[in-house]
$ cat coords_5.csv   # CSV, C-alpha atoms and all ligand atoms
chain,number,residue,atom,x,y,z
B,5,MET,CA,0.0,0.0,0.0
B,6,MET,CA,1.4,3.3,-1.0
B,7,LYS,CA,2.1,5.8,1.9
B,8,GLY,CA,-0.8,8.1,2.5
B,9,ALA,CA,-3.4,5.8,0.7
B,10,VAL,CA,-6.3,4.0,2.2
B,11,PRO,CA,-7.3,0.5,0.9
B,12,SER,CA,-10.8,1.7,-0.2
B,13,ILE,CA,-13.1,4.6,0.2
B,14,LEU,CA,-14.4,3.1,3.4
B,15,GLY,CA,-11.1,4.1,5.0
B,16,ALA,CA,-12.1,7.7,4.3
B,17,ILE,CA,-15.2,7.5,6.6
B,18,GLY,CA,-14.9,9.8,9.6
B,19,HIS,CA,-11.9,12.1,10.5
B,20,THR,CA,-14.1,15.1,9.8
B,21,PRO,CA,-12.9,18.5,10.8
B,22,ILE,CA,-14.2,20.6,13.7
B,23,VAL,CA,-14.6,24.3,12.7
B,24,LYS,CA,-15.3,27.3,14.9
B,25,LEU,CA,-18.3,29.5,13.9
B,26,GLU,CA,-17.4,33.1,13.7
B,27,ARG,CA,-20.0,35.5,12.2
B,28,VAL,CA,-23.1,33.4,12.8
B,29,ALA,CA,-22.3,33.0,16.5
B,30,ASN,CA,-20.8,36.4,17.3
B,31,ASP,CA,-23.6,37.4,19.8
B,32,VAL,CA,-23.3,34.6,22.3
B,33,ALA,CA,-20.9,34.1,25.2
B,34,ALA,CA,-20.2,30.5,24.2
B,35,ASN,CA,-17.7,29.3,21.6
B,36,VAL,CA,-19.7,27.4,19.1
B,37,TYR,CA,-17.9,24.8,17.0
B,38,VAL,CA,-19.3,22.5,14.3
B,39,LYS,CA,-18.4,18.9,13.3
B,40,CYS,CA,-18.4,18.7,9.5
B,41,GLU,CA,-20.1,15.3,9.1
B,42,PHE,CA,-21.3,16.3,5.6
B,43,MET,CA,-17.7,15.7,4.5
B,44,ASN,CA,-18.1,11.9,4.8
B,45,PRO,CA,-17.7,10.0,1.5
B,46,ALA,CA,-21.4,9.1,1.0
B,47,GLY,CA,-22.3,12.6,2.2
B,48,SER,CA,-23.4,12.3,5.8
B,49,MET,CA,-22.7,11.1,9.3
B,50,LYS,CA,-24.8,7.9,8.5
B,51,ASP,CA,-21.6,6.5,6.9
B,52,ARG,CA,-20.3,5.7,10.4
B,53,MET,CA,-23.3,4.0,11.8
B,54,VAL,CA,-24.1,2.0,8.6
B,55,MET,CA,-20.5,0.7,8.6
B,56,ASN,CA,-21.2,-0.5,12.2
B,57,MET,CA,-24.6,-2.0,11.3
B,58,ILE,CA,-23.0,-3.9,8.3
B,59,GLU,CA,-19.8,-5.1,10.1
B,60,SER,CA,-21.8,-6.2,13.2
B,61,ALA,CA,-24.2,-8.1,11.0
B,62,GLU,CA,-21.2,-9.7,9.2
B,63,LYS,CA,-19.7,-10.7,12.5
B,64,ARG,CA,-23.0,-12.2,13.8
B,65,GLY,CA,-23.3,-14.1,10.5
B,66,GLU,CA,-26.5,-12.3,9.5
B,67,LEU,CA,-24.9,-10.9,6.4
B,68,LYS,CA,-22.9,-13.3,4.3
B,69,PRO,CA,-20.8,-12.8,1.1
B,70,GLY,CA,-23.0,-12.0,-1.9
B,71,GLY,CA,-26.0,-11.1,0.4
B,72,THR,CA,-28.6,-8.4,-0.2
B,73,ILE,CA,-29.1,-5.5,2.2
B,74,ILE,CA,-32.7,-4.2,2.4
B,75,GLU,CA,-33.8,-0.9,3.9
B,76,ALA,CA,-36.8,1.4,3.9
B,77,THR,CA,-35.1,4.7,3.2
B,78,SER,CA,-34.6,7.4,0.7
B,79,GLY,CA,-32.0,9.5,2.4
B,80,ASN,CA,-28.6,9.5,3.8
B,81,THR,CA,-28.7,6.0,5.3
B,82,GLY,CA,-29.5,4.7,1.8
B,83,ALA,CA,-26.5,6.5,0.3
B,84,ALA,CA,-24.2,5.1,3.0
B,85,ILE,CA,-25.6,1.5,2.5
B,86,ALA,CA,-25.3,1.8,-1.3
B,87,MET,CA,-21.7,3.0,-1.1
B,88,ILE,CA,-20.5,0.4,1.4
B,89,ALA,CA,-22.4,-2.4,-0.5
B,90,ALA,CA,-20.6,-1.3,-3.7
B,91,VAL,CA,-17.2,-1.7,-2.1
B,92,LYS,CA,-18.0,-4.9,-0.2
B,93,GLY,CA,-19.9,-6.6,-3.1
B,94,TYR,CA,-23.3,-6.8,-1.6
B,95,LYS,CA,-26.5,-6.2,-3.5
B,96,CYS,CA,-29.0,-3.7,-2.0
B,97,ILE,CA,-32.7,-3.0,-2.4
B,98,PHE,CA,-34.3,0.3,-1.1
B,99,VAL,CA,-37.9,0.7,-0.7
B,100,MET,CA,-39.2,4.3,-0.6
B,101,PRO,CA,-42.5,6.3,-0.9
B,102,ASP,CA,-43.3,7.8,-4.3
B,103,LYS,CA,-43.1,11.4,-3.0
B,104,MET,CA,-39.3,11.2,-3.0
B,105,SER,CA,-37.3,13.2,-5.6
B,106,GLN,CA,-36.0,11.6,-8.8
B,107,GLU,CA,-32.6,12.8,-7.8
B,108,LYS,CA,-32.5,10.6,-4.7
B,109,ILE,CA,-33.7,7.5,-6.6
B,110,LEU,CA,-31.2,8.1,-9.4
B,111,SER,CA,-28.3,8.5,-7.0
B,112,LEU,CA,-29.0,5.2,-5.2
B,113,ARG,CA,-29.3,3.5,-8.6
B,114,ALA,CA,-25.9,5.1,-9.6
B,115,TRP,CA,-24.3,3.0,-6.8
B,116,GLY,CA,-25.9,-0.1,-8.3
B,117,ALA,CA,-28.8,-0.3,-5.9
B,118,LYS,CA,-32.3,-1.5,-6.8
B,119,VAL,CA,-35.1,0.9,-5.8
B,120,VAL,CA,-38.7,-0.1,-5.3
B,121,VAL,CA,-41.2,2.8,-5.2
B,122,CYS,CA,-44.4,2.4,-3.2
B,123,PRO,CA,-47.5,4.6,-2.8
B,124,THR,CA,-47.2,7.4,-0.2
B,125,ALA,CA,-50.9,7.7,0.5
B,126,VAL,CA,-51.4,4.4,2.4
B,127,GLU,CA,-51.3,3.6,6.2
B,128,PRO,CA,-48.0,2.0,7.4
B,129,GLU,CA,-49.9,-1.3,8.1
B,130,ASP,CA,-51.2,-1.5,4.5
B,131,PRO,CA,-49.4,-4.3,2.6
B,132,ARG,CA,-48.5,-1.7,-0.2
B,133,SER,CA,-46.8,0.7,2.2
B,134,TYR,CA,-43.0,1.0,1.9
B,135,TYR,CA,-42.5,-0.4,5.5
B,136,SER,CA,-44.6,-3.5,4.7
B,137,VAL,CA,-42.9,-4.0,1.3
B,138,ALA,CA,-39.5,-3.7,2.8
B,139,LYS,CA,-40.3,-6.3,5.5
B,140,ARG,CA,-41.8,-8.7,3.0
B,141,LEU,CA,-38.8,-8.4,0.7
B,142,ALA,CA,-36.5,-9.1,3.6
B,143,GLN,CA,-38.5,-12.2,4.4
B,144,GLU,CA,-38.7,-13.4,0.8
B,145,THR,CA,-35.1,-12.6,-0.4
B,146,PRO,CA,-32.6,-15.4,0.4
B,147,ASN,CA,-29.4,-14.3,2.2
B,148,SER,CA,-30.8,-10.9,2.9
B,149,PHE,CA,-30.3,-8.5,5.8
B,150,TYR,CA,-32.9,-5.9,6.9
B,151,ALA,CA,-30.8,-3.0,8.2
B,152,ASN,CA,-33.8,-1.5,10.1
B,153,GLN,CA,-32.1,1.7,11.3
B,154,TYR,CA,-35.0,2.7,13.6
B,155,HIS,CA,-34.7,-0.4,15.7
B,156,ASN,CA,-31.1,-1.6,15.1
B,157,GLN,CA,-28.9,-0.9,18.2
B,158,ASP,CA,-25.9,-0.9,16.0
B,159,ASN,CA,-27.1,2.5,14.8
B,160,PRO,CA,-26.4,4.3,18.2
B,161,GLY,CA,-23.6,1.8,18.7
B,162,GLY,CA,-21.9,3.1,15.5
B,163,HIS,CA,-21.8,6.6,16.9
B,164,TYR,CA,-20.7,5.3,20.3
B,165,ARG,CA,-17.7,3.6,18.6
B,166,SER,CA,-16.9,6.2,16.0
B,167,THR,CA,-18.3,9.7,16.4
B,168,GLY,CA,-17.9,9.9,20.2
B,169,PRO,CA,-14.2,8.7,20.5
B,170,GLU,CA,-13.2,10.8,17.5
B,171,ILE,CA,-14.7,14.0,19.1
B,172,TRP,CA,-13.0,13.1,22.4
B,173,GLU,CA,-9.6,12.6,20.8
B,174,GLN,CA,-9.9,15.6,18.5
B,175,THR,CA,-10.8,18.0,21.2
B,176,GLY,CA,-8.9,16.6,24.1
B,177,GLY,CA,-12.2,16.3,26.1
B,178,GLU,CA,-12.8,20.1,25.9
B,179,VAL,CA,-16.5,19.8,24.7
B,180,ASP,CA,-18.9,21.1,27.4
B,181,VAL,CA,-22.1,20.8,25.4
B,182,LEU,CA,-23.0,18.5,22.5
B,183,VAL,CA,-25.9,19.6,20.2
B,184,ALA,CA,-27.5,17.4,17.6
B,185,GLY,CA,-30.8,17.1,15.8
B,186,LEU,CA,-33.1,14.1,16.7
B,187,GLY,CA,-34.2,11.6,14.1
B,188,THR,CA,-33.6,8.0,14.9
B,189,GLY,CA,-31.7,9.4,17.8
B,190,GLY,CA,-28.6,7.3,16.9
B,191,THR,CA,-26.3,10.3,16.7
B,192,ILE,CA,-27.2,11.9,20.0
B,193,THR,CA,-27.7,8.6,21.9
B,194,GLY,CA,-24.4,7.0,20.8
B,195,THR,CA,-22.2,10.1,20.8
B,196,GLY,CA,-23.8,11.5,23.9
B,197,LYS,CA,-23.3,8.3,25.9
B,198,PHE,CA,-19.6,8.1,25.0
B,199,LEU,CA,-18.9,11.7,25.9
B,200,LYS,CA,-20.9,11.5,29.2
B,201,GLU,CA,-19.0,8.4,30.2
B,202,LYS,CA,-15.7,10.2,29.6
B,203,LYS,CA,-16.9,13.5,31.2
B,204,PRO,CA,-20.2,13.2,33.1
B,205,THR,CA,-20.7,17.0,33.2
B,206,THR,CA,-21.0,17.1,29.4
B,207,GLN,CA,-24.5,18.5,28.6
B,208,ILE,CA,-26.4,16.8,25.8
B,209,VAL,CA,-28.8,19.0,23.9
B,210,GLY,CA,-31.3,17.6,21.3
B,211,VAL,CA,-32.9,19.7,18.6
B,212,ASP,CA,-36.4,18.9,17.5
B,213,PRO,CA,-38.6,20.6,14.8
B,214,VAL,CA,-42.1,21.9,15.6
B,215,GLY,CA,-44.5,19.2,14.6
B,216,SER,CA,-42.4,16.3,16.0
B,217,LEU,CA,-43.3,14.2,19.0
B,218,TYR,CA,-40.0,14.5,21.0
B,219,TYR,CA,-40.2,18.0,22.4
B,220,ASP,CA,-43.5,17.8,24.2
B,221,TYR,CA,-42.8,14.3,25.4
B,222,VAL,CA,-39.4,15.3,27.0
B,223,LYS,CA,-40.8,18.5,28.5
B,224,SER,CA,-44.1,17.2,29.8
B,225,GLY,CA,-44.4,13.5,29.2
B,226,ARG,CA,-47.3,14.1,26.8
B,227,VAL,CA,-47.6,12.4,23.5
B,228,THR,CA,-49.1,15.1,21.2
B,229,GLN,CA,-50.5,14.8,17.7
B,230,PRO,CA,-47.6,15.1,15.3
B,231,PHE,CA,-47.9,17.3,12.1
B,232,THR,CA,-45.9,17.8,9.0
B,233,TYR,CA,-43.0,20.2,8.6
B,234,LYS,CA,-40.4,20.8,5.8
B,235,VAL,CA,-37.0,20.2,7.4
B,236,GLU,CA,-35.7,16.8,6.5
B,237,GLY,CA,-34.0,14.1,8.6
B,238,ILE,CA,-35.1,15.3,12.1
B,239,GLY,CA,-38.2,14.9,14.2
B,240,GLU,CA,-40.4,11.8,14.3
B,241,ASP,CA,-44.1,10.8,14.5
B,242,PHE,CA,-43.3,7.7,16.5
B,243,PHE,CA,-40.7,6.6,19.1
B,244,PRO,CA,-37.9,4.6,17.5
B,245,SER,CA,-36.1,2.2,19.9
B,246,THR,CA,-32.7,3.7,18.8
B,247,ILE,CA,-33.3,6.8,20.9
B,248,ASP,CA,-32.6,7.0,24.6
B,249,LEU,CA,-34.3,10.3,25.6
B,250,SER,CA,-32.9,10.0,29.1
B,251,ILE,CA,-29.5,11.0,27.7
B,252,LEU,CA,-30.8,14.5,27.1
B,253,ASP,CA,-30.1,17.3,29.5
B,254,GLU,CA,-32.1,19.8,27.4
B,255,ILE,CA,-34.3,19.8,24.2
B,256,ILE,CA,-34.7,22.8,22.0
B,257,ARG,CA,-37.5,23.4,19.5
B,258,VAL,CA,-37.0,25.1,16.1
B,259,ASP,CA,-39.4,25.9,13.3
B,260,ASP,CA,-38.8,25.5,9.6
B,261,LYS,CA,-38.2,29.2,8.9
B,262,GLU,CA,-35.4,29.6,11.4
B,263,CYS,CA,-33.8,26.3,10.3
B,264,PHE,CA,-33.7,27.4,6.7
B,265,LEU,CA,-32.6,31.0,7.3
B,266,MET,CA,-29.8,29.6,9.5
B,267,THR,CA,-28.9,27.1,6.8
B,268,ARG,CA,-28.5,29.9,4.3
B,269,ASP,CA,-26.4,31.9,6.8
B,270,LEU,CA,-24.1,28.9,7.4
B,271,VAL,CA,-23.4,28.7,3.7
B,272,ARG,CA,-23.1,32.4,3.0
B,273,LEU,CA,-21.4,33.7,6.1
B,274,GLU,CA,-19.3,30.7,7.2
B,275,GLY,CA,-18.8,28.9,3.8
B,276,LEU,CA,-20.2,25.7,5.2
B,277,TYR,CA,-22.1,23.9,2.4
B,278,VAL,CA,-24.7,22.3,4.6
B,279,GLY,CA,-28.3,21.1,4.5
B,280,GLY,CA,-31.5,22.0,6.5
B,281,SER,CA,-30.9,19.9,9.6
B,282,CYS,CA,-27.6,21.6,10.0
B,283,GLY,CA,-29.3,25.0,10.2
B,284,ALA,CA,-31.8,23.5,12.7
B,285,ALA,CA,-29.0,22.2,14.9
B,286,VAL,CA,-27.1,25.5,14.9
B,287,ALA,CA,-30.3,27.5,15.4
B,288,GLY,CA,-31.0,25.2,18.4
B,289,ALA,CA,-27.4,25.6,19.7
B,290,LEU,CA,-27.6,29.4,19.6
B,291,LYS,CA,-31.0,29.4,21.5
B,292,TYR,CA,-29.4,27.2,24.1
B,293,ALA,CA,-26.4,29.5,24.3
B,294,ARG,CA,-28.7,32.5,24.8
B,295,GLN,CA,-30.5,30.6,27.5
B,296,THR,CA,-27.4,29.6,29.5
B,297,GLN,CA,-25.2,32.7,28.7
B,298,LYS,CA,-22.2,30.7,29.7
B,299,LYS,CA,-18.7,30.9,28.2
B,300,GLU,CA,-18.3,27.3,27.3
B,301,ASN,CA,-17.5,25.1,24.3
B,302,ILE,CA,-20.5,24.0,22.3
B,303,LEU,CA,-20.1,21.4,19.6
B,304,VAL,CA,-22.8,21.0,17.0
B,305,ILE,CA,-23.1,18.0,14.6
B,306,LEU,CA,-23.7,19.0,11.0
B,307,PRO,CA,-25.2,15.9,9.3
B,308,ASP,CA,-25.3,16.5,5.5
B,309,ALA,CA,-24.6,18.9,2.6
B,310,ALA,CA,-26.5,21.6,0.7
B,311,SER,CA,-26.4,19.7,-2.6
B,312,LYS,CA,-29.6,17.7,-1.8
B,313,TYR,CA,-31.6,20.9,-1.0
B,314,LEU,CA,-30.7,23.3,-3.9
B,315,SER,CA,-34.2,23.2,-5.3
B,316,LYS,CA,-35.7,23.9,-1.9
B,317,ILE,CA,-33.8,25.8,0.8
B,318,PHE,CA,-31.5,27.5,-1.8
B,319,ASN,CA,-34.4,28.3,-4.2
B,320,ASP,CA,-36.0,31.7,-3.5
B,321,ASP,CA,-39.2,30.8,-5.2
B,322,TRP,CA,-39.7,27.7,-2.9
B,323,MET,CA,-38.7,29.7,0.1
B,324,ARG,CA,-41.1,32.5,-0.7
B,325,GLU,CA,-44.0,30.2,-1.5
B,326,ASN,CA,-43.6,28.6,1.9
B,327,GLY,CA,-43.3,31.9,3.6
B,328,PHE,CA,-39.7,31.3,4.8
B,329,LEU,CA,-37.9,34.4,3.4
B,330,GLY,CA,-37.3,37.0,6.1
B,331,GLU,CA,-34.8,38.5,8.5
B,332,SER,CA,-31.6,36.7,9.3
B,333,LYS,CA,-28.0,37.6,10.1
B,334,LEU,CA,-27.7,38.9,6.6
B,335,GLY,CA,-30.6,41.3,7.0
B,336,VAL,CA,-33.4,40.5,4.6
B,337,VAL,CA,-32.6,37.3,2.8
B,338,GLY,CA,-33.1,38.4,-0.8
B,339,ASP,CA,-32.8,36.7,-4.1
B,340,LEU,CA,-29.7,34.4,-4.2
B,341,LEU,CA,-29.1,35.1,-7.9
B,342,LYS,CA,-28.8,38.9,-7.6
B,401,LIG,N1,-30.1,15.2,9.7
B,401,LIG,C1,-30.3,14.4,8.6
B,401,LIG,C2,-30.1,15.1,7.3
B,401,LIG,C3,-30.6,13.1,8.7
B,401,LIG,O1,-30.7,12.3,7.5
B,401,LIG,C4,-30.7,12.5,10.0
B,401,LIG,C5,-31.1,11.0,10.1
B,401,LIG,N2,-32.5,10.8,10.1
B,401,LIG,C6,-30.6,13.3,11.1
B,401,LIG,C7,-30.3,14.6,10.9
B,401,LIG,C8,-30.8,12.7,12.5
B,401,LIG,O2,-29.8,11.8,12.9
B,401,LIG,P1,-30.2,10.6,13.8
B,401,LIG,O3,-31.1,9.7,13.0
B,401,LIG,O4,-28.9,9.9,14.1
B,401,LIG,O5,-31.0,11.1,15.0

$ encode --input "coords_5.csv" --output "structure tokens"
Amino acid sequence: MMKGAVPSILGAIGHTPIVKLERVANDVAANVYVKCEFMNPAGSMKDRMVMNMIESAEKRGELKPGGTIIEATSGNTGAAIAMIAAVKGYKCIFVMPDKMSQEKILSLRAWGAKVVVCPTAVEPEDPRSYYSVAKRLAQETPNSFYANQYHNQDNPGGHYRSTGPEIWEQTGGEVDVLVAGLGTGGTITGTGKFLKEKKPTTQIVGVDPVGSLYYDYVKSGRVTQPFTYKVEGIGEDFFPSTIDLSILDEIIRVDDKECFLMTRDLVRLEGLYVGGSCGAAVAGALKYARQTQKKENILVILPDAASKYLSKIFNDDWMRENGFLGESKLGVVGDLLK
């Protein structure tokens, strides 16, 4: 092996930089840093946990050479599975609802994956729903492995083994507060557990969009009626078994507009080419910093990149139609093209 090379692209997962925010966070006492997980090879922090799900399944003998990986996903987990399967020689089948963009379907196919599209407008229990179809395919396909990220403990386990130790080593244990958006909860549960074990005073802060179940449940124990929102990748309408809400010291709620204006600011003011859940996490971190007013080190996880959201968050027409244009650090967020 030549000096400086890795044996495959899988060796390039992780080792992401931590960057200090300057202009976006200049009005809080805390130092706010971001971990650039959007720089992973398949485009998000999911690369780490999917590596752990696949390698753990291999070790347990659940995934054998030439096997097929099945998952109900359209997003970053799909990309990570497709990339790793390409390198390791597995086949993969993704099942997704028909509301998903052509771009996402085509990118998974580019990696050699098979994509099955199902109707969106049916209940999860309906045999035509993408959950049901994924389960059925997993049962019917010989030598297949159902990744099941919402209920696979190797999802938080991946962050416990990879994201947590990397942050600890990179920062020499100087992180006081970890902030991350809540989806499956894998990121916050795994990373948070590792950092708290190393330094029990570390504060773990989750960020949840308006419309998701988590915030009300953590604050008051109530399970409220979920409703839709636009920010992708965070918030849930059910409780996955991969999230351990007891790890949270605080939960912060954000709305779509503040997520998207912050996302634009991160790109334009900090040069960070990031997606909507990154804006959500930073907006949440800044609210937390204003609440505590402490001079401390806050580290925010930035999951994925702007490229998947160009026709939405970075499209003025879409932003205006949804009523999301408005005041931000830049003043009035005007037309990007001018
Ligand atoms: N942001 C994006 C863009 C995601 O795809 C996800 C995963 N659903 C998250 C944030 C949340 O991460 P986790 O599932 O680990 O809670």

$ closest_residue --input "coords_5.csv" --among "B:Pro230, B:Gly116, B:Gly168, B:Gly79" --to "ligand LIG 401 (chain B)" --atoms "all atoms listed in the file"
B:Gly79

$ residues_near_ligand --input "coords_5.csv" --ligand "ligand LIG 401 (chain B)" --cutoff "6 Å" --atoms "all atoms listed in the file" --output "PyMOL selection string"
chain B and resi 79-80+185-191+236-238+281+307-308

$ closest_residue --input "coords_5.csv" --among "B:Val126, B:Ile88, B:Asn30, B:Ser60" --to "Ala16 (chain B)" --atoms "only C-alpha atoms"
B:Ile88

$ residues_around --input "coords_5.csv" --residues "region 82-87 of chain B" --least-positions-apart "4" --cutoff "12 Å" --atoms "only C-alpha atoms" --output "PyMOL selection string"
chain B and resi 12-14+16-17+42+44-59+72-78+91-100+107-119+149-153+308+312

$ closest_residue --input "coords_5.csv" --among "B:Asp212, B:Asp321, B:Glu331, B:Glu178" --to "Leu199 (chain B)" --atoms "all atoms listed in the file"
B:Glu178

$ atom_distance --input "coords_5.csv" --atom1 "CA of Thr145 (chain B)" --atom2 "CA of Met104 (chain B)"
24.3 Å

$ closest_residue --input "coords_5.csv" --among "B:Gly71, B:Gly15, B:Gly327, B:Gly288" --to "Ala142 (chain B)" --atoms "only C-alpha atoms"
B:Gly71

$ atom_distance --input "coords_5.csv" --atom1 "CA of Leu217 (chain B)" --atom2 "CA of Lys234 (chain B)"
15.0 Å

$ atom_distance --input "coords_5.csv" --atom1 "CA of Lys39 (chain B)" --atom2 "CA of Ser315 (chain B)"
24.8 Å

$ closest_residue --input "coords_5.csv" --among "B:Gln157, B:Thr193, B:Ser136, B:Thr20" --to "Ile208 (chain B)" --atoms "all atoms listed in the file"
B:Thr193

$ residues_around --input "coords_5.csv" --residues "Glu274 (chain B)" --least-positions-apart "2" --cutoff "9 Å" --atoms "all atoms listed in the file" --output "short mmCIF file (atom, residue, chain, number, x, y, z; two decimals) with C-alpha atoms, keeping the file's coordinate frame"
data_model
loop_
_atom_site.label_atom_id
_atom_site.label_comp_id
_atom_site.auth_asym_id
_atom_site.auth_seq_id
_atom_site.Cartn_x
_atom_site.Cartn_y
_atom_site.Cartn_z
CA LEU B 25 -18.30 29.50 13.90
CA GLU B 26 -17.40 33.10 13.70
CA ARG B 27 -20.00 35.50 12.20
CA VAL B 28 -23.10 33.40 12.80
CA ASP B 269 -26.40 31.90 6.80
CA LEU B 270 -24.10 28.90 7.40
CA VAL B 271 -23.40 28.70 3.70
CA ARG B 272 -23.10 32.40 3.00
CA LEU B 276 -20.20 25.70 5.20
CA TYR B 277 -22.10 23.90 2.40
#

$ closest_atom_pairs --input "coords_5.csv" --of "region 155-221 of chain B" --to "region 303-306 of chain B" --cutoff "12 Å" --atoms "all atoms listed in the file" --output "tab-separated table"
residue	atom	partner	partner_atom	distance
B:His163	CA	B:Ile305	CA	11.7
B:Thr167	CA	B:Ile305	CA	9.8
B:Gly168	CA	B:Ile305	CA	11.1
B:Ile171	CA	B:Leu303	CA	9.2
B:Trp172	CA	B:Leu303	CA	11.3
B:Gln174	CA	B:Leu303	CA	11.8
B:Thr175	CA	B:Leu303	CA	10.0
B:Gly177	CA	B:Leu303	CA	11.4
B:Glu178	CA	B:Leu303	CA	9.7
B:Val179	CA	B:Leu303	CA	6.4
B:Asp180	CA	B:Leu303	CA	7.9
B:Val181	CA	B:Leu303	CA	6.2
B:Leu182	CA	B:Leu303	CA	5.0
B:Val183	CA	B:Val304	CA	4.7
B:Ala184	CA	B:Ile305	CA	5.4
B:Gly185	CA	B:Ile305	CA	7.8
B:Leu186	CA	B:Ile305	CA	10.9
B:Thr191	CA	B:Ile305	CA	8.6
B:Ile192	CA	B:Ile305	CA	9.1
B:Thr195	CA	B:Ile305	CA	10.1
B:Gly196	CA	B:Ile305	CA	11.4
B:Leu199	CA	B:Leu303	CA	11.6
B:Thr206	CA	B:Leu303	CA	10.7
B:Gln207	CA	B:Leu303	CA	10.4
B:Ile208	CA	B:Leu303	CA	10.0
B:Val209	CA	B:Val304	CA	9.4
B:Gly210	CA	B:Val304	CA	10.1
B:Val211	CA	B:Val304	CA	10.3

$ write_last_selection --input "coords_5.csv" --atoms "C-alpha atoms" --output "mmCIF file, in the frame of the given file"
data_model
loop_
_atom_site.group_PDB
_atom_site.id
_atom_site.type_symbol
_atom_site.label_atom_id
_atom_site.label_comp_id
_atom_site.auth_asym_id
_atom_site.auth_seq_id
_atom_site.Cartn_x
_atom_site.Cartn_y
_atom_site.Cartn_z
ATOM 1 C CA HIS B 163 -21.800 6.600 16.900
ATOM 2 C CA THR B 167 -18.300 9.700 16.400
ATOM 3 C CA GLY B 168 -17.900 9.900 20.200
ATOM 4 C CA ILE B 171 -14.700 14.000 19.100
ATOM 5 C CA TRP B 172 -13.000 13.100 22.400
ATOM 6 C CA GLN B 174 -9.900 15.600 18.500
ATOM 7 C CA THR B 175 -10.800 18.000 21.200
ATOM 8 C CA GLY B 177 -12.200 16.300 26.100
ATOM 9 C CA GLU B 178 -12.800 20.100 25.900
ATOM 10 C CA VAL B 179 -16.500 19.800 24.700
ATOM 11 C CA ASP B 180 -18.900 21.100 27.400
ATOM 12 C CA VAL B 181 -22.100 20.800 25.400
ATOM 13 C CA LEU B 182 -23.000 18.500 22.500
ATOM 14 C CA VAL B 183 -25.900 19.600 20.200
ATOM 15 C CA ALA B 184 -27.500 17.400 17.600
ATOM 16 C CA GLY B 185 -30.800 17.100 15.800
ATOM 17 C CA LEU B 186 -33.100 14.100 16.700
ATOM 18 C CA THR B 191 -26.300 10.300 16.700
ATOM 19 C CA ILE B 192 -27.200 11.900 20.000
ATOM 20 C CA THR B 195 -22.200 10.100 20.800
ATOM 21 C CA GLY B 196 -23.800 11.500 23.900
ATOM 22 C CA LEU B 199 -18.900 11.700 25.900
ATOM 23 C CA THR B 206 -21.000 17.100 29.400
ATOM 24 C CA GLN B 207 -24.500 18.500 28.600
ATOM 25 C CA ILE B 208 -26.400 16.800 25.800
ATOM 26 C CA VAL B 209 -28.800 19.000 23.900
ATOM 27 C CA GLY B 210 -31.300 17.600 21.300
ATOM 28 C CA VAL B 211 -32.900 19.700 18.600
#

$ closest_residue --input "coords_5.csv" --among "B:Lys200, B:Lys24, B:Lys261, B:Lys298" --to "Ile317 (chain B)" --atoms "all atoms listed in the file"
B:Lys261

$ residues_around --input "coords_5.csv" --residues "region 266-268 of chain B" --least-positions-apart "6" --cutoff "9 Å" --atoms "all atoms listed in the file" --output "list in words"
Val28, Leu276, Tyr277, Val278, Gly279, Gly280, Ser281, Cys282, Gly283, Ala284, Val286, Ala287, Ala310, Ile317, Phe318, Ser332, Lys333 and Val337 of chain B

$ residues_around --input "coords_5.csv" --residues "Glu129 (chain B)" --least-positions-apart "6" --cutoff "12 Å" --atoms "only C-alpha atoms" --output "ChimeraX atom specification"
/B:135-139

$ write_last_selection --input "coords_5.csv" --atoms "C-alpha atoms" --output "compact mmCIF listing (two decimals), in the coordinates of the input"
# COMPACT_ATOMS: atom_id res chain seq x y z
CA TYR B 135 -42.50 -0.40 5.50
CA SER B 136 -44.60 -3.50 4.70
CA VAL B 137 -42.90 -4.00 1.30
CA ALA B 138 -39.50 -3.70 2.80
CA LYS B 139 -40.30 -6.30 5.50

$ decode --input "coords_5.csv" --residues "region 294-301 of chain B" --atoms "N, CA and C atoms" --output "PDB file, in the first residue's frame"
ATOM      1  N   ARG B 294     -28.021  31.283  24.306  1.00  0.00           N
ATOM      2  CA  ARG B 294     -28.659  32.506  24.831  1.00  0.00           C
ATOM      3  C   ARG B 294     -29.345  32.225  26.155  1.00  0.00           C
ATOM      4  N   GLN B 295     -29.861  31.005  26.287  1.00  0.00           N
ATOM      5  CA  GLN B 295     -30.530  30.583  27.524  1.00  0.00           C
ATOM      6  C   GLN B 295     -29.515  30.498  28.680  1.00  0.00           C
ATOM      7  N   THR B 296     -28.373  29.889  28.450  1.00  0.00           N
ATOM      8  CA  THR B 296     -27.413  29.637  29.543  1.00  0.00           C
ATOM      9  C   THR B 296     -26.467  30.820  29.758  1.00  0.00           C
ATOM     10  N   GLN B 297     -26.167  31.546  28.692  1.00  0.00           N
ATOM     11  CA  GLN B 297     -25.230  32.685  28.722  1.00  0.00           C
ATOM     12  C   GLN B 297     -23.880  32.334  29.324  1.00  0.00           C
ATOM     13  N   LYS B 298     -23.440  31.088  29.132  1.00  0.00           N
ATOM     14  CA  LYS B 298     -22.157  30.658  29.701  1.00  0.00           C
ATOM     15  C   LYS B 298     -21.056  30.728  28.665  1.00  0.00           C
ATOM     16  N   LYS B 299     -19.844  31.025  29.146  1.00  0.00           N
ATOM     17  CA  LYS B 299     -18.690  30.930  28.240  1.00  0.00           C
ATOM     18  C   LYS B 299     -18.224  29.487  28.285  1.00  0.00           C
ATOM     19  N   GLU B 300     -18.625  28.711  27.300  1.00  0.00           N
ATOM     20  CA  GLU B 300     -18.292  27.283  27.277  1.00  0.00           C
ATOM     21  C   GLU B 300     -18.174  26.825  25.837  1.00  0.00           C
ATOM     22  N   ASN B 301     -17.678  25.583  25.662  1.00  0.00           N
ATOM     23  CA  ASN B 301     -17.491  25.079  24.303  1.00  0.00           C
ATOM     24  C   ASN B 301     -18.676  24.216  23.882  1.00  0.00           C
TER      25      ASN B 301
END
